[in-house]
Structure formats: structure tokens, C-alpha cells
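Peer 1: Following this line is structure34.cif, made up of mmCIF, C-alpha atoms:
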data_final
loop_
_atom_site.label_atom_id
_atom_site.label_comp_id
_atom_site.auth_asym_id
_atom_site.auth_seq_id
_atom_site.Cartn_x
_atom_site.Cartn_y
_atom_site.Cartn_z
CA MET P 1375 107.40 108.37 108.07
CA SER P 1376 109.69 106.21 105.87
CA ALA P 1377 108.84 102.64 104.95
CA ALA P 1378 110.26 99.83 107.07
CA ARG P 1379 113.33 98.11 105.58
CA ILE P 1380 113.43 94.31 105.51
CA LEU P 1381 116.46 92.12 104.77
CA VAL P 1382 115.64 88.72 103.21
CA VAL P 1383 118.42 86.12 103.55
CA ASP P 1384 117.83 82.90 101.58
CA ASP P 1385 120.04 80.83 99.28
CA GLU P 1386 117.13 80.02 96.92
CA SER P 1387 116.86 82.74 94.28
CA GLU P 1388 113.17 82.04 93.55
CA ILE P 1389 112.21 82.52 97.19
CA ARG P 1390 114.31 85.69 97.46
CA GLY P 1391 112.67 87.12 94.37
CA LEU P 1392 109.16 86.14 95.44
CA LEU P 1393 109.56 87.60 98.95
CA LYS P 1394 111.06 90.81 97.58
CA GLU P 1395 108.14 91.24 95.18
CA ILE P 1396 105.48 90.49 97.80
CA LEU P 1397 106.99 92.71 100.50
CA ALA P 1398 107.64 95.56 98.06
CA ASP P 1399 103.96 95.41 97.02
CA GLU P 1400 103.09 95.82 100.71
CA GLY P 1401 105.08 99.07 100.81
CA TYR P 1402 108.31 97.86 102.43
CA GLU P 1403 111.90 98.59 101.33
CA VAL P 1404 113.51 95.20 100.67
CA ASP P 1405 117.16 94.07 100.46
CA VAL P 1406 118.12 90.47 99.61
CA ALA P 1407 121.14 88.29 100.33
CA ALA P 1408 121.99 84.80 99.08
CA ASP P 1409 124.34 83.80 101.90
CA ALA P 1410 125.82 84.91 105.18
CA ALA P 1411 128.55 87.03 103.56
CA GLU P 1412 126.04 89.01 101.50
CA ALA P 1413 123.79 89.29 104.55
CA ARG P 1414 126.59 90.83 106.65
CA THR P 1415 127.37 93.32 103.87
CA ALA P 1416 123.71 94.26 103.36
CA ARG P 1417 123.20 94.73 107.07
CA ALA P 1418 126.27 96.95 107.33
CA GLN P 1419 125.09 99.13 104.42
CA HIS P 1420 121.45 99.48 105.49
CA ASP P 1421 120.44 98.90 109.08
CA PRO P 1422 117.24 96.83 108.61
CA ASP P 1423 114.09 97.00 110.71
CA LEU P 1424 113.54 93.25 110.30
CA VAL P 1425 115.48 90.23 109.01
CA LEU P 1426 113.86 87.17 107.41
CA LEU P 1427 116.60 84.56 107.80
CA ASP P 1428 116.75 81.10 106.25
CA ILE P 1429 118.18 78.41 108.52
CA TRP P 1430 119.79 76.10 105.94
CA MET P 1431 122.41 77.92 103.84
CA PRO P 1432 125.57 76.56 102.17
CA ASP P 1433 128.35 78.45 103.98
CA THR P 1434 127.12 79.66 107.34
CA ASP P 1435 123.74 78.44 108.57
CA GLY P 1436 121.06 80.80 109.86
CA ILE P 1437 121.33 79.68 113.47
CA THR P 1438 125.03 80.56 113.51
CA LEU P 1439 124.29 83.96 111.95
CA LEU P 1440 121.48 84.56 114.45
CA ARG P 1441 123.84 83.71 117.30
CA GLU P 1442 126.34 86.19 115.89
CA TRP P 1443 123.77 88.96 115.53
CA VAL P 1444 122.26 88.67 119.00
CA GLN P 1445 125.58 89.27 120.73
CA PRO P 1446 125.72 92.51 122.78
CA ASN P 1447 127.14 94.41 119.79
CA GLY P 1448 124.88 92.66 117.31
CA THR P 1449 121.60 93.65 115.67
CA SER P 1450 118.75 95.07 117.74
CA CYS P 1451 116.10 94.43 115.08
CA PRO P 1452 113.80 91.39 115.23
CA VAL P 1453 114.75 88.25 113.28
CA VAL P 1454 112.20 85.79 111.88
CA MET P 1455 113.65 82.39 110.98
CA MET P 1456 112.52 80.44 107.89
CA SER P 1457 113.03 76.77 107.11
CA GLY P 1458 111.66 74.11 104.79
CA HIS P 1459 112.99 71.39 107.07
CA GLY P 1460 111.87 72.80 110.38
CA THR P 1461 111.75 70.78 113.56
CA VAL P 1462 110.45 71.63 116.99
CA GLU P 1463 114.01 71.50 118.34
CA THR P 1464 115.23 73.98 115.74
CA ALA P 1465 112.36 76.37 116.42
CA VAL P 1466 112.99 76.18 120.17
CA GLU P 1467 116.70 76.82 119.68
CA ALA P 1468 116.05 79.81 117.41
CA THR P 1469 113.59 81.30 119.88
CA ARG P 1470 115.99 80.71 122.78
CA LEU P 1471 118.70 82.58 120.91
CA GLY P 1472 116.40 85.57 120.45
CA ALA P 1473 114.51 85.02 117.18
CA PHE P 1474 111.16 86.76 117.16
CA ASP P 1475 109.35 83.88 115.42
CA PHE P 1476 109.81 80.83 113.20
CA VAL P 1477 107.90 80.18 109.94
CA GLU P 1478 107.95 77.02 107.87
CA LYS P 1479 108.22 76.63 104.10
CA PRO P 1480 106.25 76.51 101.91
CA LEU P 1481 105.35 79.91 103.28
CA SER P 1482 101.74 80.85 103.95
CA LEU P 1483 101.46 84.40 102.57
CA ALA P 1484 98.83 85.44 105.14
CA LYS P 1485 100.84 84.10 108.07
CA LEU P 1486 104.08 85.59 106.78
CA LEU P 1487 102.61 89.09 106.41
CA ARG P 1488 101.03 88.92 109.86
CA THR P 1489 104.36 87.80 111.34
CA VAL P 1490 106.19 90.62 109.55
CA GLU P 1491 103.74 93.21 110.90
CA ARG P 1492 103.98 91.87 114.46
CA ALA P 1493 107.77 91.71 114.32
CA LEU P 1494 108.04 95.28 113.03
CA ASP P 1495 105.66 96.49 115.76
CA SER P 1496 107.77 94.70 118.35
CA GLY P 1497 110.95 96.28 117.02
CA ARG P 1498 109.44 99.76 117.03
CA ASN P 1499 108.23 99.38 120.61
CA LYS P 1500 111.66 98.26 121.82
CA ARG P 1501 113.25 101.34 120.27
CA LEU P 1502 110.87 103.69 122.02
CA THR P 1503 111.70 104.93 125.51
CA GLY P 1504 109.92 106.73 128.33
CA ARG P 1505 106.45 108.12 127.69
CA SER P 1506 106.73 107.63 123.95
CA LEU P 1507 106.20 103.92 124.52
CA VAL P 1508 102.56 103.81 123.35
CA PRO P 1509 100.79 100.45 122.95
CA PRO P 1510 100.58 99.75 119.20
CA LEU P 1511 96.79 99.48 119.26
CA LEU P 1512 96.43 102.89 120.89
CA ALA P 1513 97.86 105.10 118.15
CA PRO P 1514 95.19 105.62 115.47
CA VAL P 1515 95.96 103.60 112.35
CA GLY P 1516 96.67 105.06 108.89
CA LYS P 1517 99.48 106.09 106.56
CA SER P 1518 97.51 108.80 104.75
CA ARG P 1519 98.46 112.47 104.98
CA ALA P 1520 95.25 113.17 106.89
CA MET P 1521 96.02 110.67 109.64
CA ALA P 1522 99.71 111.56 109.78
CA ALA P 1523 98.84 115.25 110.16
CA LEU P 1524 96.28 114.51 112.86
CA ARG P 1525 98.70 112.34 114.83
CA GLU P 1526 101.25 115.14 114.61
CA GLN P 1527 98.68 117.61 115.97
CA VAL P 1528 97.93 115.27 118.86
CA GLN P 1529 101.62 114.98 119.69
CA GLN P 1530 101.86 118.77 119.76
CA VAL P 1531 98.90 119.37 122.07
CA SER P 1532 99.30 116.35 124.36
CA PRO P 1533 101.98 117.78 126.70
CA HIS P 1534 99.77 120.77 127.64
CA GLU P 1535 96.90 121.10 130.10
CA THR P 1536 94.67 123.03 127.69
CA PRO P 1537 91.15 121.70 127.08
CA VAL P 1538 90.70 120.05 123.69
CA LEU P 1539 87.53 119.70 121.62
CA ILE P 1540 87.57 116.80 119.13
CA VAL P 1541 85.08 117.30 116.32
CA GLY P 1542 83.95 114.69 113.83
CA GLU P 1543 81.12 112.54 112.55
CA PRO P 1544 79.71 109.74 114.74
CA GLY P 1545 81.92 106.67 114.54
CA SER P 1546 84.94 108.58 113.24
CA GLY P 1547 87.18 107.65 116.18
CA ARG P 1548 86.95 110.72 118.42
CA GLU P 1549 87.32 108.64 121.58
CA ALA P 1550 90.40 106.90 120.16
CA PHE P 1551 92.07 110.27 119.65
CA ALA P 1552 91.09 111.37 123.17
CA ARG P 1553 92.76 108.24 124.58
CA TYR P 1554 95.78 108.88 122.36
CA ILE P 1555 96.13 112.41 123.80
CA HIS P 1556 95.88 110.98 127.31
CA SER P 1557 98.51 108.33 126.62
CA LEU P 1558 101.04 110.92 125.40
CA SER P 1559 100.35 113.48 128.13
CA PRO P 1560 101.99 113.98 131.56
CA ARG P 1561 98.71 112.57 132.95
CA ALA P 1562 99.18 109.19 131.22
CA SER P 1563 99.52 107.37 134.54
CA GLY P 1564 96.28 108.95 135.80
CA PRO P 1565 92.72 107.77 135.07
CA PHE P 1566 90.82 108.27 131.82
CA VAL P 1567 87.18 108.76 132.81
CA GLN P 1568 84.44 109.00 130.20
CA LEU P 1569 81.14 110.83 130.71
CA VAL P 1570 78.52 109.99 128.08
CA ALA P 1571 76.49 113.17 127.75
CA THR P 1572 73.27 111.46 126.67
CA GLY P 1573 73.18 109.69 130.03
CA VAL P 1574 73.10 112.94 132.03
CA SER P 1575 69.79 114.52 133.02
CA ASP P 1576 69.14 118.02 134.31
CA GLU P 1577 68.07 116.60 137.66
CA GLY P 1578 71.11 114.37 138.09
CA ALA P 1579 73.71 116.65 136.50
CA ALA P 1580 75.27 117.95 139.72
CA ALA P 1581 75.58 114.48 141.26
CA ALA P 1582 77.02 113.00 138.05
CA LEU P 1583 79.63 115.73 137.72
CA PHE P 1584 80.52 116.53 141.33
CA GLY P 1585 79.28 113.58 143.39
CA THR P 1586 77.35 113.58 146.64
CA GLU P 1587 78.14 113.85 150.31
CA ASP P 1588 75.99 112.58 153.20
CA ALA P 1589 76.16 110.79 156.54
CA ASN P 1590 77.30 107.63 154.80
CA GLY P 1591 80.31 109.35 153.27
CA VAL P 1592 81.41 110.73 149.90
CA HIS P 1593 80.23 109.32 146.57
CA ALA P 1594 82.57 110.65 143.92
CA GLY P 1595 81.35 112.17 140.68
CA VAL P 1596 83.34 112.14 137.46
CA PHE P 1597 85.38 115.20 138.47
CA GLU P 1598 86.84 113.35 141.45
CA GLN P 1599 87.06 110.01 139.63
CA ALA P 1600 89.23 111.69 136.96
CA ALA P 1601 91.48 113.52 139.46
CA GLY P 1602 95.07 113.47 138.20
CA GLY P 1603 93.93 112.34 134.77
CA VAL P 1604 91.51 113.17 131.96
CA LEU P 1605 87.75 113.65 131.91
CA PHE P 1606 86.44 112.86 128.44
CA ILE P 1607 82.96 114.23 127.75
CA ASN P 1608 81.53 112.20 124.90
CA GLY P 1609 78.98 114.25 122.95
CA VAL P 1610 79.24 117.69 124.55
CA GLU P 1611 76.33 119.03 122.51
CA ASP P 1612 74.01 116.51 124.22
CA LEU P 1613 74.64 117.85 127.74
CA PRO P 1614 71.44 119.36 129.16
CA PRO P 1615 71.52 123.13 129.88
CA LYS P 1616 71.98 122.73 133.63
CA ALA P 1617 74.94 120.39 133.17
CA GLN P 1618 76.51 122.85 130.74
CA GLY P 1619 76.12 125.68 133.26
CA LEU P 1620 77.67 123.61 136.08
CA LEU P 1621 80.56 122.62 133.86
CA VAL P 1622 81.26 126.23 132.84
CA ALA P 1623 81.25 127.32 136.50
CA ALA P 1624 83.65 124.54 137.53
CA LEU P 1625 86.03 125.37 134.69
CA GLU P 1626 85.89 129.06 135.62
CA THR P 1627 86.54 128.69 139.36
CA ARG P 1628 88.56 125.44 139.20
CA THR P 1629 86.44 124.22 142.12
CA PHE P 1630 83.17 122.39 142.70
CA THR P 1631 80.97 121.45 145.63
CA ARG P 1632 79.44 118.03 146.08
CA VAL P 1633 75.68 117.71 146.36
CA GLY P 1634 74.93 117.81 150.09
CA GLY P 1635 78.37 119.23 150.89
CA ALA P 1636 79.52 122.72 151.84
CA THR P 1637 83.27 122.70 151.25
CA PRO P 1638 84.59 123.55 147.77
CA VAL P 1639 86.87 120.92 146.24
CA GLY P 1640 89.71 121.91 143.90
CA THR P 1641 89.81 120.39 140.43
CA ASN P 1642 92.79 118.49 139.07
CA ILE P 1643 91.66 117.28 135.67
CA ARG P 1644 92.15 117.92 132.01
CA ILE P 1645 88.96 118.20 129.96
CA ILE P 1646 88.69 116.65 126.52
CA GLY P 1647 85.34 116.92 124.79
CA SER P 1648 83.94 115.42 121.61
CA ALA P 1649 81.20 116.87 119.46
CA THR P 1650 79.79 116.88 115.96
CA SER P 1651 80.22 119.93 113.76
CA ARG P 1652 76.68 121.13 114.56
CA PHE P 1653 77.91 122.04 118.06
CA LEU P 1654 80.42 124.47 116.56
CA ASN P 1655 77.91 125.89 114.09
CA ALA P 1656 74.88 126.19 116.37
CA GLU P 1657 73.93 129.63 117.64
CA GLY P 1658 72.57 128.05 120.82
CA THR P 1659 72.09 129.69 124.19
CA GLY P 1660 74.51 131.83 126.14
CA VAL P 1661 75.50 128.84 128.23
CA ARG P 1662 76.27 126.81 125.11
CA LEU P 1663 78.44 129.57 123.66
CA GLU P 1664 80.25 130.02 126.98
CA LEU P 1665 80.95 126.29 127.19
CA LEU P 1666 82.17 126.24 123.61
CA SER P 1667 84.59 129.09 124.31
CA ARG P 1668 85.97 127.13 127.27
CA LEU P 1669 86.44 123.87 125.40
CA ASN P 1670 87.59 124.79 121.92
CA VAL P 1671 90.85 126.49 122.84
CA ILE P 1672 92.29 123.71 120.70
CA THR P 1673 90.03 121.96 118.18
CA LEU P 1674 90.99 118.74 116.43
CA ASN P 1675 88.93 117.79 113.38
CA VAL P 1676 88.75 114.06 112.77
CA PRO P 1677 87.90 113.48 109.09
CA PRO P 1678 85.28 110.95 107.97
CA LEU P 1679 86.74 107.67 106.73
CA ARG P 1680 85.65 108.38 103.14
CA ASP P 1681 88.15 111.28 103.12
CA TYR P 1682 91.13 108.98 103.73
CA ALA P 1683 89.91 105.79 102.07
CA GLN P 1684 93.46 104.79 101.14
CA ASP P 1685 93.88 103.71 104.78
CA VAL P 1686 91.02 101.18 104.58
CA PRO P 1687 93.30 98.16 103.84
CA ASP P 1688 95.50 99.02 106.84
CA LEU P 1689 92.42 99.41 109.06
CA LEU P 1690 91.03 96.07 107.89
CA ARG P 1691 94.28 94.28 108.78
CA HIS P 1692 94.49 96.16 112.07
CA TYR P 1693 91.03 95.10 113.23
CA VAL P 1694 91.44 91.52 112.02
CA ASP P 1695 94.60 91.13 114.11
CA ARG P 1696 93.10 92.97 117.08
CA LEU P 1697 89.90 90.90 117.14
CA VAL P 1698 91.81 87.66 116.62
CA ASP P 1699 94.08 88.50 119.57
CA GLU P 1700 91.49 90.01 121.92
CA GLN P 1701 88.41 87.89 121.19
CA HIS P 1702 90.12 84.75 119.87
CA LEU P 1703 88.10 84.88 116.65
CA PRO P 1704 89.30 82.81 113.68
CA PHE P 1705 91.80 84.58 111.44
CA ARG P 1706 90.61 85.63 108.00
CA ARG P 1707 92.13 87.98 105.44
CA PHE P 1708 90.57 90.31 102.91
CA GLY P 1709 91.25 89.51 99.26
CA VAL P 1710 92.50 92.24 96.92
CA ALA P 1711 89.11 92.66 95.20
CA ALA P 1712 87.36 92.89 98.58
CA GLN P 1713 89.83 95.55 99.78
CA ASN P 1714 89.38 97.58 96.60
CA ARG P 1715 85.59 97.42 96.97
CA LEU P 1716 85.79 98.65 100.55
CA ARG P 1717 88.17 101.46 99.60
CA ASN P 1718 85.42 102.77 97.34
CA TYR P 1719 82.61 102.32 99.88
CA PRO P 1720 81.50 105.64 101.45
CA TRP P 1721 81.44 104.34 105.08
CA PRO P 1722 78.53 106.37 106.48
CA GLY P 1723 79.28 104.89 109.92
CA ASN P 1724 83.02 105.60 109.58
CA VAL P 1725 85.65 103.55 111.44
CA ARG P 1726 83.05 102.09 113.81
CA GLU P 1727 81.17 100.63 110.84
CA LEU P 1728 84.40 99.15 109.47
CA ARG P 1729 85.21 97.50 112.78
CA ASN P 1730 81.69 96.07 113.04
CA LEU P 1731 81.97 94.68 109.51
CA VAL P 1732 85.27 92.95 110.31
CA GLN P 1733 83.84 91.54 113.54
CA ARG P 1734 80.76 90.12 111.77
CA LEU P 1735 82.87 88.49 109.07
CA LEU P 1736 85.18 86.85 111.62
CA ILE P 1737 82.31 85.66 113.81
CA LEU P 1738 80.37 84.22 110.86
CA GLY P 1739 83.51 82.49 109.63
CA GLY P 1740 84.19 80.93 106.27
CA GLU P 1741 87.19 80.44 104.03
CA GLU P 1742 90.39 82.18 105.09
CA GLU P 1743 90.14 84.68 102.23
CA ILE P 1744 87.21 87.08 102.40
CA ARG P 1745 86.10 87.47 98.80
CA LEU P 1746 84.24 90.19 96.93
CA ASP P 1747 80.90 88.34 96.76
CA GLU P 1748 80.85 88.01 100.57
CA ILE P 1749 81.51 91.74 100.93
CA GLU P 1750 78.69 92.59 98.52
CA ARG P 1751 76.23 90.49 100.53
CA GLU P 1752 77.26 92.16 103.79
CA LEU P 1753 77.01 95.67 102.37
CA ALA P 1754 73.62 94.96 100.81
CA ALA P 1755 72.28 93.51 104.07
CA HIS P 1756 73.33 96.54 106.12
CA ALA P 1757 72.86 99.32 103.57
CA PRO P 1758 71.53 102.60 105.07
CA THR P 1759 68.37 103.93 103.46
CA ASN P 1760 68.31 107.57 104.52
CA GLU P 1761 71.90 108.78 104.19
CA PRO P 1762 72.75 111.99 102.31
CA LEU P 1763 74.14 111.75 98.82
CA VAL P 1764 77.81 111.88 99.79
CA LYS P 1765 77.37 108.75 101.93
CA GLN P 1766 75.27 106.66 99.57
CA ASP P 1767 76.96 103.53 98.25
CA LEU P 1768 76.29 104.14 94.57
CA LEU P 1769 78.96 101.63 93.57
CA ALA P 1770 76.69 98.82 94.71
CA LEU P 1771 74.12 99.78 92.03
CA PRO P 1772 74.00 99.32 88.26
CA LEU P 1773 75.08 102.43 86.35
CA ARG P 1774 71.57 103.52 85.35
CA GLU P 1775 70.16 103.14 88.86
CA ALA P 1776 73.18 104.87 90.42
CA ARG P 1777 72.78 107.79 88.01
CA GLU P 1778 69.11 108.10 88.92
CA HIS P 1779 69.94 108.11 92.64
CA PHE P 1780 72.49 110.84 92.10
CA GLU P 1781 70.24 112.97 89.88
CA ARG P 1782 67.32 112.67 92.31
CA ALA P 1783 69.39 113.69 95.34
CA TYR P 1784 71.16 116.45 93.40
CA LEU P 1785 67.97 118.02 92.06
CA GLN P 1786 66.17 117.73 95.41
CA GLN P 1787 68.96 119.61 97.18
CA GLN P 1788 69.21 122.21 94.43
CA LEU P 1789 65.44 122.72 94.51
CA ILE P 1790 65.57 123.38 98.24
CA LEU P 1791 68.26 126.01 97.65
CA CYS P 1792 65.95 127.60 95.04
CA ASN P 1793 63.03 127.65 97.52
CA GLY P 1794 61.12 125.16 95.36
CA LYS P 1795 61.07 127.44 92.28
CA VAL P 1796 61.63 125.40 89.14
CA GLY P 1797 62.46 128.49 87.08
CA GLN P 1798 65.38 129.34 89.35
CA LEU P 1799 66.39 125.68 89.41
CA ALA P 1800 66.54 125.56 85.60
CA LYS P 1801 68.95 128.51 85.58
CA ARG P 1802 70.99 127.09 88.44
CA VAL P 1803 71.54 123.66 86.89
CA GLY P 1804 71.70 124.84 83.28
CA MET P 1805 68.68 122.93 81.90
CA GLU P 1806 65.78 124.00 79.70
CA ARG P 1807 62.64 124.28 81.84
CA THR P 1808 60.45 121.85 79.86
CA HIS P 1809 63.18 119.21 79.90
CA LEU P 1810 63.69 119.83 83.62
CA TYR P 1811 59.97 119.27 84.37
CA ARG P 1812 60.13 115.92 82.54
CA LYS P 1813 63.29 114.97 84.42
CA LEU P 1814 61.75 115.82 87.82
CA ARG P 1815 58.63 113.76 87.03
CA SER P 1816 60.65 110.78 85.79
CA LEU P 1817 62.70 110.81 88.99
CA GLY P 1818 59.65 111.14 91.23
CA VAL P 1819 60.71 114.52 92.64
CA ASP P 1820 57.59 116.30 93.96
CA PHE P 1821 58.63 119.89 93.28
CA ARG P 1822 55.18 121.22 94.27
CA GLN P 1823 55.47 119.71 97.75
CA LEU P 1824 59.00 121.03 98.13
CA ALA P 1825 57.79 124.51 97.17
CA GLU P 1826 55.04 124.35 99.82
CA ASP P 1827 57.51 123.14 102.47
#
Could you write out this structure as C-alpha cells?
Peer 2:
Amino acid sequence: MSAARILVVDDESEIRGLLKEILADEGYEVDVAADAAEARTARAQHDPDLVLLDIWMPDTDGITLLREWVQPNGTSCPVVMMSGHGTVETAVEATRLGAFDFVEKPLSLAKLLRTVERALDSGRNKRLTGRSLVPPLLAPVGKSRAMAALREQVQQVSPHETPVLIVGEPGSGREAFARYIHSLSPRASGPFVQLVATGVSDEGAAAALFGTEDANGVHAGVFEQAAGGVLFINGVEDLPPKAQGLLVAALETRTFTRVGGATPVGTNIRIIGSATSRFLNAEGTGVRLELLSRLNVITLNVPPLRDYAQDVPDLLRHYVDRLVDEQHLPFRRFGVAAQNRLRNYPWPGNVRELRNLVQRLLILGGEEEIRLDEIERELAAHAPTNEPLVKQDLLALPLREAREHFERAYLQQQLILCNGKVGQLAKRVGMERTHLYRKLRSLGVDFRQLAED
């Protein structure tokens, strides 16, 4: 997906240069114009996705140019007006003529970038038609290859009725992708019903799935609640054996019978399941394998956030704007140093942990810019203590301590692979045995206990 193109129209060369530099650093393609004549030429050469238009210019003022561009044959892209001498009347007039927004000089960088993002989102949505009109917060965020490839996969599988199994670590956004599939599918106007597997017991499985029927009437289960839409089973591997068996039977026959009823009911749902990788790798029971074969006709693998860390700045901005809009929390922005720190954080809780971090920082409040020292305090206060090596935040530690953490975890795992035999370990890691014994003792690795285990 190519970068959005922005046209900056301002008669002050310093402002043009500054805006071009700032917007280019944000990844946008930027054209500049000093007056209305240059603006018309630039717009004719490159159809922009957004125009930042100064009101007060020497030949033709911005309001006149805006009026020209919003004629039936004029531009369809959003226009944000800028002025150092703004008045309420001018802002009202610009909005009435079709301007997306109005910002005053001197420009607040944070407000300007937020306005640019909102205006570009608005322009994209207006260009979309039919079912492709997806709410901007629904499509999973990220410009990385991993996210782009995953969104493309979703767009390929969404039009079909085939069951989908979404696999990923807890907190990686499996539900978001399930909702994205639903939104792009022919069932988008139907319900999206979620069944949390940990809340289903063997005794209540049939009622939860198929509902009940008695003298007082019918009490729908999730199969009937999701009729015409999608049933999302969150955590398939946590379904008890009886629930798995009932689910397999319903998928096989495309019918079910309510508890207390006698008449089979036809199914009209699409199943989307989510699971961790252990569900795919487990040998399990026959029922589990049968269920797996039914669900993983198409498998989508959602990567952990640490595998596409370049998207962290975009995710931070996304959740700031979303929480400000939805929960009316005070706006704050992440400084460059804070963003770089979080790009290098391993995110053991994935996207869910990132969202929770943003929410805490907005609720607690503070200066508009979230600085590095505030991030360090938050990460230290919520640091996990029992995560595997790949998820440990070694960057929060001094070099010596980080090296010790790594060496301890590395040697412990290698020792397990060697069945606790230090001789094999020495060969495996390429160390002399006497030196290795000293290293294990200095790191507090109890190789004798590991051998016994």
C-alpha cells in the first residue's frame, strides 16, 4: 500500500518547509505550493489524498480556492484549513463550504498530526463503496509486511463459508481478526456471537451450544443466536470433551437438537475458532483431532507483537485516539524516545498489553508528552517474572545483569535438552567442562536437580 500524498499550500516558505519535513518523517509523500496557481498545478499533476490549505495568501485566498475545489467537478479529497488569524466566523465558513477541519497557527504538532490522520481516514472511507466500507477501527492496524500479508489472507478467505481457525499467543488480537473476517464476509449484516470456551462445562455444554426447549418456550443457545452470522469460539482447546463431541456432531450433520426438544434444527452459521499453537500440536483424544480437522480447513497464524515491532508506534497512536474518542480520556502522545523503547520491548502480553499500557497512561494523566522515564516506571511496575527468555525485557536491565539473565536461561534450556548431563552440555555449547561447572554455579543453575527431574 503506497503512502498517502499530502499537498501543503502556504505562502510562508518556512512553514511549507517545516510541514514538508514533519510529514515526510511520518511517512507521507508531500508536495508544496506557495500560492493558488502553484496549488492548482500541483493538484493537477498529483491527485492528493489531503490538502493543508492556508487561508490568507497574496493572490487568491484559501476560502476562494476551497470554494473552487468543492464544486461538483472539484476535489474529492479532504481539505484542512490553516490560519494564523483565525476567527470563529472564518472557521464556520470553511466548514460550511466542506473543509474537513480548521487548525490555527502557530500549529500544535500533536493536534496537526491527529487531524491529518483523521482526515486521511475520512477520505479513505468516502472512497470505499459497498461491503468494503469497513469502520477504520475494525481493520487490524499495522504497516509491516506481517500485518499486510495477514490482512490480505483475511480478505481472501472472508467471502467463503469455510470454517477458519485463528492461531496465536494470548493477547495477540485473534478476536480482532475474527471480527475483521465477519465484517468483510457476506454475513456482515448478521450477528457476531462469541462463545468463551472456559465458561462452558461438560454438564452445561448442550444447553450453551444448542439451547433448551420446555413448556415456557425456547431458550436459544449460541448456535441459534448466531444464525445468519458468525459463531466465534474463543479458546477452542479449552472446550471440555463433551462440548467438543457435540460441536463435531453439529458440524457433521449441519443440525442440532435443543435440550428438552425432539425436532432437529438446521444450522446457518459460520464457525471461526481461536486457539494457541498447543491445540495444533497436541496429540489429544480422537474427539480433539476430529474437531481440529473440522476447524482448520483454513488456519490463520497471528504473529506475536515482538515479531512486527515496527508497528508499535502506529498501534500506540491508534489506541490513544481510540481511547480518547471512546472513553473521553485526556489526549497524550508518546515521545520519540518512549516509542523507541517500546519498539524494543518484547511485549509478552502482545497487543492486549500495549492497549492496557496506553489506557493506564491516559487515565493516570500527566504532561501531554509521555516521556521515556514514565515508560520505564510503568514497565518496571508490571514486569512479568516467569516469562520464557524470548519474552524477557532484558533492555530494562544493566548490561551485566541482562547477560546473566540470558546465560542462565540459555544454559537451563540447553541442560534440559541434554537430560541434565553436563558432559553433553559442554559439547553442545562449546565450553570446557571445568569452566562450565564454574559458570553454572555462578549463575545459580542447579544442574543436579535438573538431572534428577
Peer 1: Run through the PyMOL selection byres ((chain P and resi 1614) around 9) on the given coordinates and return the selected residues as a list of chain:residue names.
Peer 2: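 On the file shown, the PyMOL selection byres ((chain P and resi 1614) around 9) covers P:Ala1571, P:Thr1572, P:Val1574, P:Ser1575, P:Asp1576, P:Ala1579, P:Glu1611, P:Asp1612, P:Leu1613, P:Pro1615, P:Lys1616, P:Ala1617, P:Gln1618, P:Gly1619.
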Peer 1: Would you kindly return, as a PDB file with C-alpha atoms, in the coordinates of the input, each protein, DNA or RNA residue with an atom no farther than 10 Å from any atom of Glu1549 of chain P, considering only C-alpha atoms and excluding same-chain residues fewer than 5 positions away?
Peer 2:
ATOM      1  CA  ILE P1540      87.570 116.800 119.130  1.00  0.00           C
ATOM      2  CA  TYR P1554      95.780 108.880 122.360  1.00  0.00           C
ATOM      3  CA  ILE P1555      96.130 112.410 123.800  1.00  0.00           C
ATOM      4  CA  GLN P1568      84.440 109.000 130.200  1.00  0.00           C
ATOM      5  CA  PHE P1606      86.440 112.860 128.440  1.00  0.00           C
ATOM      6  CA  ILE P1607      82.960 114.230 127.750  1.00  0.00           C
ATOM      7  CA  ASN P1608      81.530 112.200 124.900  1.00  0.00           C
ATOM      8  CA  ILE P1646      88.690 116.650 126.520  1.00  0.00           C
ATOM      9  CA  GLY P1647      85.340 116.920 124.790  1.00  0.00           C
ATOM     10  CA  SER P1648      83.940 115.420 121.610  1.00  0.00           C
TER      11      SER P1648
END
Peer 1: Between P:Lys1479, P:Lys1813, P:Arg1751, P:His1692, which is the closest to Glu1781 of chain P once you count only C-alpha atoms?
Peer 2: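 The shortest atom-to-atom distance to Glu1781 of chain P comes from P:Lys1813.
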Peer 1: Return the single residue from P:Val1528, P:Leu1703, P:Leu1558, P:Val1383 that is closest to Ile1672 of chain P, with distances computed using all atoms listed in the file.
Peer 2: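 Checking each of P:Val1528, P:Leu1703, P:Leu1558, P:Val1383 against Ile1672 of chain P, counting all atoms listed in the file, the winner is P:Val1528.
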Peer 1: Mind telling me what the PyMOL selection byres ((chain P and resi 1429-1438) around 9) catches here, as a list in words?
Peer 2: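 So the PyMOL selection byres ((chain P and resi 1429-1438) around 9) ends up selecting Val1383, Asp1384, Asp1385, Glu1386, Ala1408, Asp1409, Ala1410, Ala1411, Leu1427, Asp1428, Leu1439, Leu1440, Arg1441, Glu1442, Trp1443, Met1455, Met1456, Ser1457, Gly1458, His1459, Gly1460, Thr1464, Glu1467, Ala1468 and Leu1471 of chain P.
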